[in-house]
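Have a look at query_29.pdb; it's PDB, C-alpha atoms:
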```pdb
MODEL        1
ATOM      1  CA  MET A  21      12.030 -31.001 -37.317
ATOM      2  CA  LEU A  22      11.309 -34.694 -36.982
ATOM      3  CA  LYS A  23      13.408 -37.593 -38.172
ATOM      4  CA  GLY A  24      11.933 -39.569 -41.034
ATOM      5  CA  ILE A  25       9.127 -37.054 -41.711
ATOM      6  CA  ASP A  26       9.165 -35.004 -44.918
ATOM      7  CA  ASN A  27       9.946 -31.437 -43.823
ATOM      8  CA  ARG A  28       7.371 -30.089 -46.283
ATOM      9  CA  LEU A  29       4.620 -31.458 -44.018
ATOM     10  CA  ASN A  30       3.761 -28.821 -41.432
ATOM     11  CA  ALA A  31       2.264 -29.618 -38.031
ATOM     12  CA  GLU A  32      -1.322 -28.796 -39.056
ATOM     13  CA  VAL A  33      -1.160 -30.993 -42.146
ATOM     14  CA  LEU A  34       0.461 -33.868 -40.220
ATOM     15  CA  GLY A  35      -2.214 -33.655 -37.521
ATOM     16  CA  CYS A  36      -4.968 -33.753 -40.130
ATOM     17  CA  LEU A  37      -3.468 -36.699 -42.028
ATOM     18  CA  ARG A  38      -3.063 -38.611 -38.764
ATOM     19  CA  ALA A  39      -6.658 -37.923 -37.713
ATOM     20  CA  MET A  40      -8.167 -39.052 -41.029
ATOM     21  CA  GLY A  41      -9.557 -42.575 -41.233
ATOM     22  CA  HIS A  42      -9.947 -45.165 -43.969
ATOM     23  CA  GLY A  43     -11.947 -43.756 -46.865
ATOM     24  CA  ASP A  44     -11.745 -40.129 -45.733
ATOM     25  CA  MET A  45     -11.155 -37.710 -48.588
ATOM     26  CA  LEU A  46      -8.488 -35.039 -48.852
ATOM     27  CA  ILE A  47      -8.560 -32.214 -51.388
ATOM     28  CA  VAL A  48      -5.257 -30.761 -52.581
ATOM     29  CA  SER A  49      -5.928 -27.554 -54.487
ATOM     30  CA  ASP A  50      -4.197 -24.925 -56.559
ATOM     31  CA  THR A  51      -4.170 -21.236 -55.670
ATOM     32  CA  ASN A  52      -7.213 -20.410 -57.817
ATOM     33  CA  PHE A  53      -9.580 -22.933 -56.208
ATOM     34  CA  PRO A  54     -12.098 -21.397 -53.759
ATOM     35  CA  SER A  55     -10.240 -23.233 -50.998
ATOM     36  CA  ASP A  56     -11.170 -21.135 -47.986
ATOM     37  CA  SER A  57     -14.926 -21.070 -48.587
ATOM     38  CA  ILE A  58     -15.069 -24.761 -49.479
ATOM     39  CA  ALA A  59     -12.837 -25.743 -46.540
ATOM     40  CA  ARG A  60     -15.380 -24.209 -44.158
ATOM     41  CA  ALA A  61     -17.845 -26.956 -45.179
ATOM     42  CA  THR A  62     -15.382 -29.820 -44.585
ATOM     43  CA  VAL A  63     -14.936 -31.957 -41.471
ATOM     44  CA  THR A  64     -11.983 -29.848 -40.291
ATOM     45  CA  GLY A  65     -13.854 -26.618 -41.039
ATOM     46  CA  HIS A  66     -10.768 -24.596 -41.904
ATOM     47  CA  LEU A  67      -8.188 -24.366 -44.670
ATOM     48  CA  LEU A  68      -4.766 -26.010 -44.401
ATOM     49  CA  ARG A  69      -1.852 -24.680 -46.428
ATOM     50  CA  MET A  70       1.277 -25.911 -48.174
ATOM     51  CA  GLU A  71       1.735 -22.630 -50.013
ATOM     52  CA  ASN A  72       5.334 -22.819 -51.161
ATOM     53  CA  LEU A  73       4.886 -26.097 -53.069
ATOM     54  CA  THR A  74       3.578 -27.223 -56.422
ATOM     55  CA  ALA A  75       0.720 -29.726 -56.422
ATOM     56  CA  ALA A  76       3.124 -32.576 -57.244
ATOM     57  CA  GLN A  77       5.532 -31.596 -54.450
ATOM     58  CA  ALA A  78       2.714 -31.396 -51.903
ATOM     59  CA  ILE A  79       1.247 -34.732 -52.970
ATOM     60  CA  GLN A  80       4.669 -36.378 -52.916
ATOM     61  CA  ALA A  81       5.078 -35.229 -49.292
ATOM     62  CA  ILE A  82       1.532 -36.301 -48.354
ATOM     63  CA  LEU A  83       1.968 -39.743 -49.908
ATOM     64  CA  SER A  84       5.187 -40.220 -47.950
ATOM     65  CA  VAL A  85       2.989 -40.754 -44.864
ATOM     66  CA  MET A  86      -0.549 -41.416 -46.142
ATOM     67  CA  PRO A  87      -1.560 -44.616 -47.970
ATOM     68  CA  LEU A  88      -4.118 -44.433 -50.764
ATOM     69  CA  ASP A  89      -7.268 -46.548 -50.607
ATOM     70  CA  THR A  90      -6.855 -49.870 -52.412
ATOM     71  CA  PHE A  91     -10.495 -50.947 -52.049
ATOM     72  CA  VAL A  92     -12.071 -48.403 -54.433
ATOM     73  CA  ASP A  93     -11.625 -47.130 -57.982
ATOM     74  CA  ASP A  94     -11.957 -43.501 -56.864
ATOM     75  CA  PHE A  95      -8.829 -43.579 -54.662
ATOM     76  CA  ALA A  96      -7.643 -40.386 -56.386
ATOM     77  CA  GLY A  97      -9.184 -37.944 -58.815
ATOM     78  CA  ARG A  98      -8.311 -34.909 -60.874
ATOM     79  CA  MET A  99     -10.457 -31.961 -61.899
ATOM     80  CA  GLU A 100     -11.416 -32.211 -65.576
ATOM     81  CA  ILE A 101     -10.551 -29.381 -67.922
ATOM     82  CA  THR A 102     -13.817 -27.699 -68.903
ATOM     83  CA  GLY A 103     -14.801 -28.914 -72.368
ATOM     84  CA  GLN A 104     -11.759 -31.214 -72.626
ATOM     85  CA  PRO A 105     -12.285 -34.009 -70.068
ATOM     86  CA  ASP A 106      -9.694 -36.337 -71.635
ATOM     87  CA  GLU A 107      -6.853 -33.791 -71.752
ATOM     88  CA  VAL A 108      -4.150 -34.245 -69.115
ATOM     89  CA  PRO A 109      -2.178 -31.023 -68.564
ATOM     90  CA  PRO A 110       1.404 -31.155 -67.236
ATOM     91  CA  VAL A 111       0.358 -30.378 -63.646
ATOM     92  CA  GLN A 112      -1.903 -33.439 -63.637
ATOM     93  CA  ALA A 113       0.694 -35.641 -65.352
ATOM     94  CA  GLU A 114       3.211 -34.685 -62.635
ATOM     95  CA  VAL A 115       0.767 -35.649 -59.880
ATOM     96  CA  GLN A 116      -0.070 -38.911 -61.661
ATOM     97  CA  ALA A 117       3.648 -39.715 -61.711
ATOM     98  CA  GLU A 118       3.860 -39.129 -57.935
ATOM     99  CA  ILE A 119       0.850 -41.396 -57.341
ATOM    100  CA  ASP A 120       2.347 -44.113 -59.549
ATOM    101  CA  ARG A 121       5.685 -43.804 -57.713
ATOM    102  CA  ALA A 122       4.005 -44.057 -54.304
ATOM    103  CA  GLU A 123       1.893 -47.028 -55.409
ATOM    104  CA  GLY A 124       4.763 -48.806 -57.130
ATOM    105  CA  ARG A 125       2.661 -49.237 -60.272
ATOM    106  CA  ALA A 126       0.523 -47.289 -62.737
ATOM    107  CA  ARG A 127      -2.765 -46.456 -61.079
ATOM    108  CA  PRO A 128      -4.716 -43.810 -63.038
ATOM    109  CA  MET A 129      -6.778 -41.183 -61.264
ATOM    110  CA  ILE A 130     -10.438 -40.783 -62.116
ATOM    111  CA  THR A 131     -11.617 -37.533 -63.687
ATOM    112  CA  ILE A 132     -14.156 -35.313 -61.947
ATOM    113  CA  GLU A 133     -16.123 -32.586 -63.751
ATOM    114  CA  ARG A 134     -15.256 -29.130 -62.408
ATOM    115  CA  PHE A 135     -18.512 -28.302 -60.608
ATOM    116  CA  ALA A 136     -18.887 -31.879 -59.376
ATOM    117  CA  PHE A 137     -15.367 -31.494 -57.956
ATOM    118  CA  TYR A 138     -16.491 -28.407 -56.003
ATOM    119  CA  ASP A 139     -19.452 -30.337 -54.583
ATOM    120  CA  LEU A 140     -17.274 -33.327 -53.724
ATOM    121  CA  ALA A 141     -14.706 -31.078 -52.035
ATOM    122  CA  ARG A 142     -17.349 -29.753 -49.638
ATOM    123  CA  THR A 143     -17.807 -33.324 -48.336
ATOM    124  CA  ALA A 144     -14.069 -33.892 -47.813
ATOM    125  CA  TYR A 145     -12.256 -34.256 -44.532
ATOM    126  CA  ALA A 146     -10.002 -31.302 -45.355
ATOM    127  CA  VAL A 147      -8.703 -28.988 -48.060
ATOM    128  CA  ILE A 148      -5.005 -28.219 -48.442
ATOM    129  CA  GLN A 149      -4.155 -25.261 -50.655
ATOM    130  CA  THR A 150      -0.763 -25.417 -52.387
ATOM    131  CA  GLY A 151       1.220 -22.715 -54.157
ATOM    132  CA  GLU A 152       0.351 -24.305 -57.517
ATOM    133  CA  ARG A 153      -0.492 -21.540 -60.007
ATOM    134  CA  ARG A 154      -1.139 -23.694 -63.062
ATOM    135  CA  PHE A 155      -4.815 -24.187 -63.874
ATOM    136  CA  TYR A 156      -6.549 -27.470 -62.971
ATOM    137  CA  GLY A 157      -4.065 -28.322 -60.238
ATOM    138  CA  CYS A 158      -6.840 -29.709 -58.021
ATOM    139  CA  PHE A 159      -6.924 -33.277 -56.764
ATOM    140  CA  MET A 160      -8.821 -35.632 -54.471
ATOM    141  CA  LEU A 161      -7.041 -38.337 -52.467
ATOM    142  CA  ARG A 162      -8.844 -41.030 -50.484
ATOM    143  CA  LYS A 163      -7.005 -42.386 -47.443
ATOM    144  CA  GLY A 164      -6.258 -46.091 -47.329
ATOM    145  CA  VAL A 165      -5.074 -48.410 -44.566
ATOM    146  CA  ILE A 166      -1.769 -49.622 -43.234
ATOM    147  CA  PRO A 167      -1.913 -53.421 -42.828
ATOM    148  CA  PRO A 168      -0.691 -55.154 -39.693
ATOM    149  CA  GLU A 169       2.871 -56.398 -39.652
ATOM    150  CA  ASP A 170       3.283 -60.137 -40.257
TER     151      ASP A 170
ENDMDL
END
```

What would you get if you wrote out this structure as structure tokens?
Amino acid sequence: MLKGIDNRLNAEVLGCLRAMGHGDMLIVSDTNFPSDSIARATVTGHLLRMENLTAAQAIQAILSVMPLDTFVDDFAGRMEITGQPDEVPPVQAEVQAEIDRAEGRARPMITIERFAFYDLARTAYAVIQTGERRFYGCFMLRKGVIPPED
């Protein structure tokens, strides 16, 4: 246990988040996503896990230590529902609420077509698989910067 660090962040996840740089991409996936095979193509080359958490719980913990990129429109994205790209299921609404809370304002995620999401995930820094069992609980987060203190 560490003081001031969300206890849902395990050592492997913390090490990965610390190692990532500005603009690096993180995939947070549900249990149905082909996480292991896709993670093998990422920078880390292996799957990270936060198995006992929903997508929103995992992202809340991640955003407690990782800033989102403020320089780009694709700072965060959600996998589109096949045939219904504008529909926002509850799992995605919950994650959007966590992003808005972390950002201190409404900041909508972009949508990413399902197969384009798979391709994008292969170029990510890492994949974290959650215990999320609801469909379309897959997200992309792009790491931002922490400004110098005044």

**Message:** Between A:Arg134, A:Arg127, A:His42, A:Arg69, which residue has the minimum interatomic distance to Gly103 of chain A, considering all atoms listed in the file?
**Reply:**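 Counting all atoms listed in the file, the residue closest to Gly103 of chain A is A:Arg134.
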
**Resolved residues for the PyMOL selection byres ((chain A and resi 49) around 7) as number ranges by chain** = A: 47-48, 50-51, 53, 148-150, 157-159

**Message:** Take the PyMOL selection byres ((chain A and resi 99-101) around 9), run it mentally on this structure, and tell me the resulting residues as a list of chain:residue names.
**Reply:** A:Gly97, A:Arg98, A:Thr102, A:Gly103, A:Gln104, A:Pro105, A:Asp106, A:Glu107, A:Val108, A:Pro109, A:Gln112, A:Ile130, A:Thr131, A:Ile132, A:Glu133, A:Arg134, A:Phe135, A:Ala136, A:Phe137, A:Phe155, A:Tyr156, A:Gly157, A:Cys158, A:Phe159, A:Met160

**Asked** Suppose you want the space between atom CA of Glu114 of chain A and atom CA of Leu22 of chain A; what is it in Å?
**Response** 26.9 Å

**Pick from A:Ala126, A:Ile82, A:Leu140, A:Glu118 nearest to Ile25 of chain A, counting only C-alpha atoms** = A:Ile82

**Shortest interatomic distance to His66 of chain A - which of A:Ile79, A:Val33, A:Val115, A:Met129, counting only C-alpha atoms** =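 Among A:Ile79, A:Val33, A:Val115, A:Met129, it is A:Val33 that comes nearest to His66 of chain A.
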
For the file shown, report as a PDB file with C-alpha atoms, in the frame of the given file the outcome of the PyMOL selection byres ((chain A and resi 57) around 12) at residue level.
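File part.pdb, as written:
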```
ATOM      1  CA  PHE A  53      -9.580 -22.933 -56.208  1.00  0.00           C
ATOM      2  CA  PRO A  54     -12.098 -21.397 -53.759  1.00  0.00           C
ATOM      3  CA  SER A  55     -10.240 -23.233 -50.998  1.00  0.00           C
ATOM      4  CA  ASP A  56     -11.170 -21.135 -47.986  1.00  0.00           C
ATOM      5  CA  ILE A  58     -15.069 -24.761 -49.479  1.00  0.00           C
ATOM      6  CA  ALA A  59     -12.837 -25.743 -46.540  1.00  0.00           C
ATOM      7  CA  ARG A  60     -15.380 -24.209 -44.158  1.00  0.00           C
ATOM      8  CA  ALA A  61     -17.845 -26.956 -45.179  1.00  0.00           C
ATOM      9  CA  THR A  62     -15.382 -29.820 -44.585  1.00  0.00           C
ATOM     10  CA  GLY A  65     -13.854 -26.618 -41.039  1.00  0.00           C
ATOM     11  CA  HIS A  66     -10.768 -24.596 -41.904  1.00  0.00           C
ATOM     12  CA  LEU A  67      -8.188 -24.366 -44.670  1.00  0.00           C
ATOM     13  CA  TYR A 138     -16.491 -28.407 -56.003  1.00  0.00           C
ATOM     14  CA  ASP A 139     -19.452 -30.337 -54.583  1.00  0.00           C
ATOM     15  CA  ALA A 141     -14.706 -31.078 -52.035  1.00  0.00           C
ATOM     16  CA  ARG A 142     -17.349 -29.753 -49.638  1.00  0.00           C
ATOM     17  CA  ALA A 146     -10.002 -31.302 -45.355  1.00  0.00           C
ATOM     18  CA  VAL A 147      -8.703 -28.988 -48.060  1.00  0.00           C
ATOM     19  CA  GLN A 149      -4.155 -25.261 -50.655  1.00  0.00           C
TER      20      GLN A 149
END
```

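Nearest residue to Met70 of chain A, choosing from A:Gly151, A:Gly124, A:Gly24, A:Pro110 and counting all atoms listed in the file: A:Gly151.
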
**Request:** Would you please work out which residue, of A:Leu29, A:Met86, A:Leu46, A:Met21, is nearest to Leu73 of chain A when using all atoms listed in the file?
**Result:**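 Answer, going by the shortest atom-to-atom distance: A:Leu29.
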
Enclosing box along x, y and z for every listed atom of segment 99-104 of chain A, padded 4 Å each side, centre and size in Å, one decimal, as JSON:
```
{"center_x": -12.6, "center_y": -30.0, "center_z": -67.3, "size_x": 12.3, "size_y": 12.5, "size_z": 18.7}
```

**Item:** d(atom CA of Asn72 of chain A, atom CA of Arg125 of chain A) in Å
**Value:**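 Atom-to-atom, atom CA of Asn72 of chain A and atom CA of Arg125 of chain A are spaced 28.1 Å apart.
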
**Prompt:** Which residues come within 9 Å of Val85 of chain A, counting only C-alpha atoms, excluding same-chain residues fewer than 3 positions away, as a list of chain:residue names?
**Reply:**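 Once the adjacent positions are removed, what remains is A:Ile25, A:Asp26, A:Leu34, A:Leu37, A:Arg38, A:Ala81, A:Ile82.
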
Next, write the just-selected residues to a file, as a CSV table (one decimal), in the frame of the given file, keeping C-alpha atoms as the atom set.
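Output contents, as saved in out.csv:
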```csv
chain,number,residue,atom,x,y,z
A,25,ILE,CA,9.1,-37.1,-41.7
A,26,ASP,CA,9.2,-35.0,-44.9
A,34,LEU,CA,0.5,-33.9,-40.2
A,37,LEU,CA,-3.5,-36.7,-42.0
A,38,ARG,CA,-3.1,-38.6,-38.8
A,81,ALA,CA,5.1,-35.2,-49.3
A,82,ILE,CA,1.5,-36.3,-48.4
```

**Prompt:** Using all atoms listed in the file, which of the listed residues (A:Met45, A:Lys23, A:Arg153, A:Asp120) sits closest to Glu71 of chain A?
**Reply:**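 Once distances to Glu71 of chain A are computed over all atoms listed in the file, the minimum belongs to A:Arg153.
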
**Asked** Which distance in Å separates atom CA of Gln77 of chain A and atom CA of Arg121 of chain A, to one decimal?
**Response** 12.6 Å

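Look at Cys36 of chain A: the protein and nucleic acid residues within 9 Å of it, using all atoms listed in the file and passing over chain neighbours fewer than 3 places away, are Ala31, Glu32, Val33, Ala39, Met40, Thr64, Leu68, Tyr145 and Ala146 of chain A.
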
**Request:** Would you list the contacts of Val165 of chain A as JSON, numbers by chain, taking every protein, DNA or RNA residue within 10 Å and counting only C-alpha atoms, but skipping same-chain residues closer than 3 positions in sequence?
**Result:** {"A": [41, 42, 43, 86, 87, 88, 89, 90, 91, 168]}
